[in-house]
Amino acid sequence: MPPDSLNLEPLFAPRSVAVMGASPRPSPGRYIVETLQNFGFTGDIYPVNPNYDEVAGVACFDDLADLPASPDIVVFCVSPERTMDGFRKLPPSGAGAAVIFGGGYGEAGDDGREMQREMVGICREAGIALCGPNCMGVISPHARSATYLQIGSNREALAGNVGLISQSGSICISMLSDVSRFGYSLVASTGNEAVVSAAAVMEYMVDLPETKVIACFTETIAEPERYVAALDKAADAGKPVVVLKVGKTKRTKDAIATHTGGMAGDDRVFSEILRAHRTIEVSEFDEL
């Protein structure tokens, strides 16, 4: 399935969430279950871990194959090796989306790149919208959903009209730490963008009624033509896009390569493209 035809609803507005590696101890898997509960998520939550009977009061399942229904999205809170084992089970599970927080894939040498290539192949064949790997995940306050690495409880304080797309997890953490002036319609930490790119997320945000402005923290562009078309779509819809592009020094470009496995590109050309497509470029985080 080509990337531009992927259904992103299971990723951004899921009706059921499976959490691989959920456990009662303080951990990402438990945080996700509790955040969904705190957000008032109305769908089904399926913790998956053969070592426990329940997580946060929710019955635990041994394996994806044991779930009573197909999950919209599967969140992986396990090691890369166990993630790959579980990822191969996604097509028969009927899942439409996945989130992988961990690194060690396209940004981490030949073995990692091979694992990421296999993931992409599975997603293309089965039509799975993958966020990541190497990301913080997704928060959809208006859909009362969060498949995000850190715990969150106050959905009302988070909800607003800003769509945030960031390849950097730390930027998401910083932006979400202060919601006194504005809130978010959708937050997507895209990481390596193995399948779902910033451009695809931007397209979704333009069509999302709750989104009125879009903020992007960009390291590299995975789909340049689609990215530019998304900028035009946003401008035509009257939704301003504000972009902070990093990678102006050799040191920063080297850091980006190890973070997302991408190339920073020519900064001057990128600035010209943003200007030509009616986009607001900022030069530092405070300005964003």
# chains A, B, ... in the order shown; residues from 1 in each chain; ligands from 1
>>> residues_around(residues="Ser23 in chain A", least_positions_apart="3", cutoff="8 Å", atoms="only C-alpha atoms", output="VMD selection string")
chain A and resid 26 to 27 29 to 30 47 49 52 54 to 55
>>> select_by_dssp(residues="range 163-263 of chain A", states="strand (DSSP E)", output="PyMOL selection string")
chain A and resi 163-166+184-189+213-218+241-245
>>> closest_residue(among="A:Ala235, A:Ile165, A:Ile122, A:Ala229", to="Val201 in chain A", atoms="only C-alpha atoms")
A:Ile165
>>> closest_residue(among="A:Thr147, A:Ser16, A:Ser283, A:Asn154", to="Ser271 in chain A", atoms="only C-alpha atoms")
A:Ser283
>>> residues_around(residues="Ala198 in chain A", least_positions_apart="5", cutoff="8 Å", atoms="only C-alpha atoms", output="list in words")
Ile165, Ser166, Thr190, Glu193, Ile221, Ala222 and Tyr227 of chain A
>>> closest_residue(among="A:Asp44, A:Glu284, A:Glu9, A:Asp63", to="Thr218 in chain A", atoms="only C-alpha atoms")
A:Glu284
>>> closest_residue(among="A:Gly238, A:Pro50, A:Pro10, A:Pro80", to="Val138 in chain A", atoms="only C-alpha atoms")
A:Pro10
>>> select_by_dssp(residues="range 160-258 of chain A", states="alpha helix (DSSP H)", output="PyMOL selection string")
chain A and resi 169-176+198-207+224-236+250-258
>>> residues_around(residues="Phe87 in chain A", least_positions_apart="6", cutoff="12 Å", atoms="only C-alpha atoms", output="ChimeraX atom specification")
/A:20,63-64,73-81,93-100,115-116,118-123,126,128,130,133
>>> residues_around(residues="Leu288 in chain A", least_positions_apart="3", cutoff="9 Å", atoms="only C-alpha atoms", output="count of residues only")
11
>>> residues_around(residues="Phe39 in chain A", least_positions_apart="5", cutoff="9 Å", atoms="only C-alpha atoms", output="ChimeraX atom specification")
/A:34,141,144-146,152-156
>>> residues_around(residues="Ser180 in chain A", least_positions_apart="6", cutoff="12 Å", atoms="only C-alpha atoms", output="number ranges by chain")
A: 156-160
>>> write_last_selection(atoms="all heavy atoms", output="PDB file, in the first residue's frame")
ATOM      1  N   GLU A 156      -7.988  18.087  29.897  1.00  0.00           N
ATOM      2  CA  GLU A 156      -8.614  19.384  29.682  1.00  0.00           C
ATOM      3  C   GLU A 156      -7.581  20.487  29.537  1.00  0.00           C
ATOM      4  O   GLU A 156      -7.739  21.405  28.723  1.00  0.00           O
ATOM      5  CB  GLU A 156      -9.572  19.710  30.826  1.00  0.00           C
ATOM      6  CG  GLU A 156     -10.850  18.876  30.845  1.00  0.00           C
ATOM      7  CD  GLU A 156     -10.624  17.453  31.324  1.00  0.00           C
ATOM      8  OE1 GLU A 156      -9.553  17.186  31.929  1.00  0.00           O
ATOM      9  OE2 GLU A 156     -11.494  16.605  31.085  1.00  0.00           O
ATOM     10  N   ALA A 157      -6.496  20.429  30.317  1.00  0.00           N
ATOM     11  CA  ALA A 157      -5.451  21.453  30.223  1.00  0.00           C
ATOM     12  C   ALA A 157      -4.670  21.342  28.927  1.00  0.00           C
ATOM     13  O   ALA A 157      -4.199  22.339  28.389  1.00  0.00           O
ATOM     14  CB  ALA A 157      -4.508  21.335  31.425  1.00  0.00           C
ATOM     15  N   LEU A 158      -4.529  20.118  28.404  1.00  0.00           N
ATOM     16  CA  LEU A 158      -3.772  19.909  27.176  1.00  0.00           C
ATOM     17  C   LEU A 158      -4.546  20.312  25.931  1.00  0.00           C
ATOM     18  O   LEU A 158      -3.958  20.753  24.936  1.00  0.00           O
ATOM     19  CB  LEU A 158      -3.373  18.434  27.042  1.00  0.00           C
ATOM     20  CG  LEU A 158      -2.160  17.939  27.812  1.00  0.00           C
ATOM     21  CD1 LEU A 158      -2.024  16.429  27.630  1.00  0.00           C
ATOM     22  CD2 LEU A 158      -0.899  18.642  27.330  1.00  0.00           C
ATOM     23  N   ALA A 159      -5.852  20.145  25.948  1.00  0.00           N
ATOM     24  CA  ALA A 159      -6.657  20.313  24.739  1.00  0.00           C
ATOM     25  C   ALA A 159      -6.671  21.761  24.258  1.00  0.00           C
ATOM     26  O   ALA A 159      -6.811  22.694  25.049  1.00  0.00           O
ATOM     27  CB  ALA A 159      -8.078  19.828  24.993  1.00  0.00           C
ATOM     28  N   GLY A 160      -6.496  21.934  22.953  1.00  0.00           N
ATOM     29  CA  GLY A 160      -6.508  23.257  22.353  1.00  0.00           C
ATOM     30  C   GLY A 160      -6.543  23.154  20.843  1.00  0.00           C
ATOM     31  O   GLY A 160      -7.054  22.181  20.291  1.00  0.00           O
TER      32      GLY A 160
END
>>> atom_distance(atom1="CA of Gly43 in chain A", atom2="CA of Val17 in chain A")
7.7 Å
